[in-house]
$ cat data_5.txt   # compact mmCIF, C-alpha atoms
# COMPACT_ATOMS: atom_id res chain seq x y z
CA MET A 1 -4.71 14.54 9.84
CA ARG A 2 -5.87 16.49 6.76
CA VAL A 3 -7.12 14.12 4.07
CA VAL A 4 -8.24 14.46 0.44
CA ILE A 5 -10.41 11.62 -0.82
CA ALA A 6 -11.43 10.69 -4.37
CA GLU A 7 -14.34 8.31 -4.83
CA ASP A 8 -17.16 8.48 -7.39
CA ASN A 9 -19.54 6.16 -5.51
CA ALA A 10 -21.62 8.55 -3.39
CA LEU A 11 -22.40 5.99 -0.69
CA LEU A 12 -18.77 4.94 -0.23
CA ARG A 13 -17.56 8.53 -0.47
CA GLU A 14 -19.89 9.71 2.29
CA GLY A 15 -18.99 6.65 4.30
CA LEU A 16 -15.30 7.51 4.04
CA VAL A 17 -15.97 11.09 5.08
CA LEU A 18 -17.98 9.96 8.10
CA LEU A 19 -15.42 7.32 9.04
CA LEU A 20 -12.46 9.69 8.84
CA THR A 21 -14.14 12.59 10.63
CA SER A 22 -15.38 10.26 13.37
CA ALA A 23 -11.76 9.16 13.85
CA GLY A 24 -10.71 12.80 14.33
CA HIS A 25 -9.38 13.49 10.84
CA ASP A 26 -10.26 16.45 8.63
CA VAL A 27 -11.49 15.70 5.11
CA VAL A 28 -10.49 18.89 3.31
CA ALA A 29 -11.78 17.85 -0.13
CA ALA A 30 -13.73 15.02 -1.73
CA ALA A 31 -13.24 14.61 -5.48
CA THR A 32 -15.91 12.82 -7.50
CA THR A 33 -14.14 12.67 -10.90
CA GLY A 34 -10.58 12.10 -12.10
CA PRO A 35 -9.96 15.70 -13.27
CA GLU A 36 -10.87 17.03 -9.80
CA ILE A 37 -8.15 15.09 -7.98
CA LEU A 38 -4.94 16.96 -8.83
CA PRO A 39 -6.40 20.47 -8.31
CA ALA A 40 -7.64 19.39 -4.87
CA LEU A 41 -4.24 17.93 -3.94
CA ARG A 42 -2.37 20.97 -5.21
CA GLN A 43 -4.66 23.35 -3.35
CA HIS A 44 -4.84 21.59 -0.02
CA ARG A 45 -1.51 19.70 0.12
CA PRO A 46 -3.00 17.18 2.55
CA ASP A 47 -1.28 14.91 5.03
CA ALA A 48 -2.63 11.95 3.06
CA ALA A 49 -4.79 11.15 0.04
CA VAL A 50 -7.25 8.26 -0.31
CA LEU A 51 -7.88 7.64 -4.01
CA ASP A 52 -10.01 5.19 -5.97
CA VAL A 53 -8.15 3.69 -8.96
CA ARG A 54 -11.04 3.96 -11.43
CA MET A 55 -12.82 7.30 -11.62
CA PRO A 56 -15.07 9.12 -14.09
CA PRO A 57 -15.14 10.05 -16.88
CA ASP A 58 -13.66 6.86 -18.34
CA PHE A 59 -13.48 4.57 -15.28
CA ARG A 60 -10.07 3.27 -16.31
CA ASP A 61 -7.08 4.46 -14.28
CA GLU A 62 -7.81 8.13 -13.55
CA GLY A 63 -7.15 7.78 -9.84
CA LEU A 64 -3.90 5.92 -10.42
CA ARG A 65 -2.65 8.51 -12.90
CA ALA A 66 -3.50 11.28 -10.47
CA ALA A 67 -1.62 9.45 -7.70
CA LEU A 68 1.48 9.01 -9.86
CA THR A 69 1.48 12.65 -10.95
CA ALA A 70 0.79 13.94 -7.44
CA ARG A 71 3.69 11.97 -5.97
CA LYS A 72 5.99 13.57 -8.54
CA GLU A 73 4.68 17.09 -8.01
CA LEU A 74 4.34 16.78 -4.24
CA PRO A 75 7.28 14.59 -3.15
CA GLY A 76 6.50 12.58 -0.06
CA LEU A 77 2.72 12.85 -0.42
CA PRO A 78 1.28 9.77 1.32
CA VAL A 79 -1.26 8.02 -0.91
CA LEU A 80 -3.60 5.17 -0.04
CA VAL A 81 -5.10 3.70 -3.21
CA LEU A 82 -8.38 1.77 -3.14
CA SER A 83 -9.39 -0.77 -5.77
CA GLN A 84 -12.32 -3.11 -6.27
CA TYR A 85 -10.05 -5.90 -7.45
CA VAL A 86 -6.37 -6.80 -7.36
CA GLU A 87 -4.96 -4.96 -10.37
CA GLU A 88 -1.39 -6.20 -10.41
CA SER A 89 -0.08 -3.84 -13.09
CA TYR A 90 -1.40 -0.81 -11.22
CA ALA A 91 0.21 -1.92 -7.97
CA ALA A 92 3.53 -2.53 -9.72
CA GLU A 93 3.43 0.86 -11.44
CA LEU A 94 2.80 2.63 -8.15
CA LEU A 95 5.64 0.79 -6.44
CA ALA A 96 8.01 1.68 -9.27
CA GLY A 97 8.12 5.22 -7.92
CA GLY A 98 9.06 4.12 -4.40
CA ALA A 99 6.97 2.55 -1.66
CA SER A 100 7.45 5.11 1.10
CA GLY A 101 4.10 6.52 2.20
CA LEU A 102 2.15 4.23 -0.11
CA GLY A 103 -0.78 1.90 0.39
CA TYR A 104 -2.88 -0.27 -1.92
CA LEU A 105 -5.99 -1.83 -0.41
CA LEU A 106 -9.02 -3.61 -1.75
CA LYS A 107 -12.23 -1.73 -1.03
CA ASP A 108 -13.63 -4.40 1.25
CA ARG A 109 -10.91 -3.44 3.74
CA VAL A 110 -12.68 -0.12 4.28
CA GLY A 111 -15.45 -2.03 6.03
CA ARG A 112 -12.89 -3.29 8.52
CA VAL A 113 -12.67 0.09 10.22
CA ASP A 114 -9.73 -0.46 12.55
CA GLU A 115 -7.69 -2.15 9.83
CA PHE A 116 -8.39 0.65 7.34
CA LEU A 117 -7.57 3.45 9.79
CA ASP A 118 -4.39 1.68 10.88
CA ALA A 119 -3.32 1.36 7.24
CA LEU A 120 -4.00 5.05 6.59
CA GLU A 121 -2.01 6.11 9.63
CA ARG A 122 0.92 3.89 8.63
CA VAL A 123 0.93 5.37 5.14
CA ALA A 124 0.67 8.94 6.47
CA ALA A 125 3.69 8.24 8.69
CA GLY A 126 5.72 7.20 5.64
CA GLY A 127 5.15 3.47 5.94
CA THR A 128 3.61 0.89 3.65
CA ALA A 129 0.22 -0.81 3.65
CA LEU A 130 -0.38 -3.42 0.98
CA ASP A 131 -3.42 -5.65 0.86
CA PRO A 132 -2.44 -9.28 1.48
CA GLU A 133 -4.01 -10.25 -1.86
CA VAL A 134 -1.88 -7.65 -3.64
CA VAL A 135 1.24 -9.01 -1.97
CA THR A 136 0.30 -12.53 -3.05
CA GLU A 137 -0.10 -11.39 -6.66
CA LEU A 138 3.23 -9.56 -6.64
CA LEU A 139 5.03 -12.57 -5.23
CA ALA A 140 3.35 -14.96 -7.64
CA ARG A 141 4.30 -12.95 -10.75
CA ARG A 142 8.02 -13.22 -10.05
CA ARG A 143 9.34 -16.28 -11.86
CA ASP A 144 12.92 -17.54 -12.08
CA SER A 145 14.16 -14.98 -9.58
CA PRO A 146 16.11 -15.02 -6.30
CA LEU A 147 12.72 -15.41 -4.60
CA ASP A 148 12.88 -19.04 -5.66
CA SER A 149 15.69 -19.55 -3.15
CA LEU A 150 13.50 -18.55 -0.20
CA THR A 151 12.02 -21.17 2.08
CA PRO A 152 8.24 -21.19 2.65
CA ARG A 153 8.76 -19.58 6.06
CA GLU A 154 10.95 -16.87 4.57
CA ARG A 155 8.33 -16.19 1.91
CA GLU A 156 5.72 -15.89 4.64
CA VAL A 157 7.89 -13.40 6.52
CA LEU A 158 8.51 -11.45 3.31
CA ALA A 159 4.78 -11.23 2.58
CA LEU A 160 4.02 -10.00 6.11
CA MET A 161 6.83 -7.46 5.89
CA ALA A 162 5.45 -6.16 2.60
CA GLU A 163 2.05 -5.70 4.24
CA GLY A 164 3.78 -3.32 6.66
CA HIS A 165 3.82 -5.42 9.83
CA ASP A 166 6.56 -5.05 12.43
CA ASN A 167 8.56 -7.92 13.92
CA ALA A 168 6.30 -8.34 16.93
CA THR A 169 3.19 -8.67 14.78
CA ILE A 170 4.91 -11.06 12.39
CA ALA A 171 5.99 -13.21 15.34
CA GLU A 172 2.43 -13.25 16.65
CA VAL A 173 0.93 -14.19 13.27
CA MET A 174 3.49 -16.95 12.66
CA VAL A 175 3.43 -18.10 16.30
CA VAL A 176 7.21 -17.86 16.65
CA THR A 177 9.60 -15.73 18.67
CA GLU A 178 10.76 -12.29 17.56
CA ARG A 179 14.28 -13.70 17.53
CA ALA A 180 13.18 -16.27 14.95
CA VAL A 181 11.58 -13.51 12.85
CA HIS A 182 14.78 -11.48 13.02
CA LYS A 183 16.73 -14.50 11.78
CA HIS A 184 14.29 -15.12 8.91
CA ILE A 185 14.52 -11.47 7.87
CA GLY A 186 18.30 -11.64 7.84
CA ASN A 187 18.14 -14.70 5.61
CA VAL A 188 15.68 -12.99 3.26
CA PHE A 189 17.91 -9.96 2.79
CA LEU A 190 20.97 -12.14 2.36
CA LYS A 191 19.33 -14.29 -0.33
CA LEU A 192 17.92 -11.27 -2.14
CA GLY A 193 21.24 -9.48 -2.05
CA LEU A 194 19.83 -6.60 0.03
CA PRO A 195 21.41 -4.78 3.00
CA GLN A 196 20.84 -6.69 6.23
CA SER A 197 18.90 -3.99 8.02
CA ASP A 198 16.09 -4.77 10.39
CA SER A 199 15.11 -1.27 11.50
CA GLY A 200 12.02 0.74 10.60
CA HIS A 201 10.15 0.49 7.35
CA ARG A 202 13.33 0.73 5.28
CA ARG A 203 13.38 -3.06 5.20
CA VAL A 204 9.90 -3.07 3.69
CA LEU A 205 10.88 -0.47 1.11
CA ALA A 206 13.92 -2.50 0.12
CA VAL A 207 11.85 -5.66 -0.33
CA LEU A 208 9.18 -3.85 -2.35
CA THR A 209 11.77 -2.16 -4.53
CA TYR A 210 13.25 -5.56 -5.25
CA LEU A 211 9.85 -7.06 -6.04
CA ASN A 212 9.10 -4.27 -8.49
CA ASN A 213 12.44 -4.33 -10.29
CA SER A 214 13.38 -7.98 -10.35
$ encode --input "data_5.txt" --output "structure tokens"
Amino acid sequence: MRVVIAEDNALLREGLVLLLTSAGHDVVAAATTGPEILPALRQHRPDAAVLDVRMPPDFRDEGLRAALTARKELPGLPVLVLSQYVEESYAAELLAGGASGLGYLLKDRVGRVDEFLDALERVAAGGTALDPEVVTELLARRRDSPLDSLTPREREVLALMAEGHDNATIAEVMVVTERAVHKHIGNVFLKLGLPQSDSGHRRVLAVLTYLNNS
């Protein structure tokens, strides 16, 4: 996989390069400031981009803005955004453009090597990888919505779906059968007024689209 990364912290940047190359990926560019990101993405057209939200010169939302612009200019570009904290508005803005091939992780996940690499591969394949804390924030911000009709178990399933987990993993985490998970998912879609589809990541995209627009 060809990857462009954007990270101003030299230690973390070099760590990402080493981690990705050790996993067999090719880091084709490593941006250190916000203005460097788009030129690198346009030039290399990578299989995936790993971008920090806050980059020099202003340390505000340079990485996020670059991600939003890049996904418009390069449709389908998989982007995994890294952030020091849960920044709910940033996550919501990213999801507004569609969740396919999109990830939003807190930086401490990078230290969990297998988890980080799995998230990157899911995103590169067109899937979704949201940090559990981000999912919690997105669910919590929705007041007086159809989400209120969900049972606690259905909310748990919805959160795990939004993180990008498949039915088997959800069943394992919840210690229930896959049949029970399938039933919960059907109830979630029914209550949210969404198509009752249980195949691929389309179900995750539908849920995330709802969360962003409700």
$ closest_atom_pairs --input "data_5.txt" --of "range 14-42 of chain A" --to "range 58-71 of chain A" --cutoff "10 Å" --atoms "all atoms listed in the file" --output "CSV"
residue,atom,partner,partner_atom,distance
A:Thr33,CA,A:Glu62,CA,8.2
A:Gly34,CA,A:Glu62,CA,5.1
A:Pro35,CA,A:Glu62,CA,7.9
A:Glu36,CA,A:Ala66,CA,9.4
A:Ile37,CA,A:Ala66,CA,6.5
A:Leu38,CA,A:Ala66,CA,6.1
A:Pro39,CA,A:Ala70,CA,9.8
A:Leu41,CA,A:Ala70,CA,7.3
A:Arg42,CA,A:Ala70,CA,8.0
$ write_last_selection --input "data_5.txt" --atoms "C-alpha atoms" --output "tab-separated table (two decimals), in the coordinates of the input"
chain	number	residue	atom	x	y	z
A	33	THR	CA	-14.14	12.67	-10.90
A	34	GLY	CA	-10.58	12.10	-12.10
A	35	PRO	CA	-9.96	15.70	-13.27
A	36	GLU	CA	-10.87	17.03	-9.80
A	37	ILE	CA	-8.15	15.09	-7.98
A	38	LEU	CA	-4.94	16.96	-8.83
A	39	PRO	CA	-6.40	20.47	-8.31
A	41	LEU	CA	-4.24	17.93	-3.94
A	42	ARG	CA	-2.37	20.97	-5.21
$ residues_around --input "data_5.txt" --residues "Leu20 in chain A" --least-positions-apart "2" --cutoff "10 Å" --atoms "only C-alpha atoms" --output "PyMOL selection string"
chain A and resi 1-3+14-18+22-27+113+117+120
$ residues_around --input "data_5.txt" --residues "range 151-167 of chain A" --least-positions-apart "6" --cutoff "6 Å" --atoms "all atoms listed in the file" --output "list in words"
Thr128, Ala129, Leu130, His184 and Val204 of chain A
$ atom_distance --input "data_5.txt" --atom1 "CA of Lys107 in chain A" --atom2 "CA of Glu137 in chain A"
16.5 Å
$ atom_distance --input "data_5.txt" --atom1 "CA of Ser83 in chain A" --atom2 "CA of Leu106 in chain A"
4.9 Å
$ residues_around --input "data_5.txt" --residues "range 100-104 of chain A" --least-positions-apart "3" --cutoff "9 Å" --atoms "all atoms listed in the file" --output "PyMOL selection string"
chain A and resi 48+76-83+91+94-95+119-120+122-131+134+163+201-202+204-205
$ atom_distance --input "data_5.txt" --atom1 "CA of Pro132 in chain A" --atom2 "CA of Asp148 in chain A"
19.5 Å
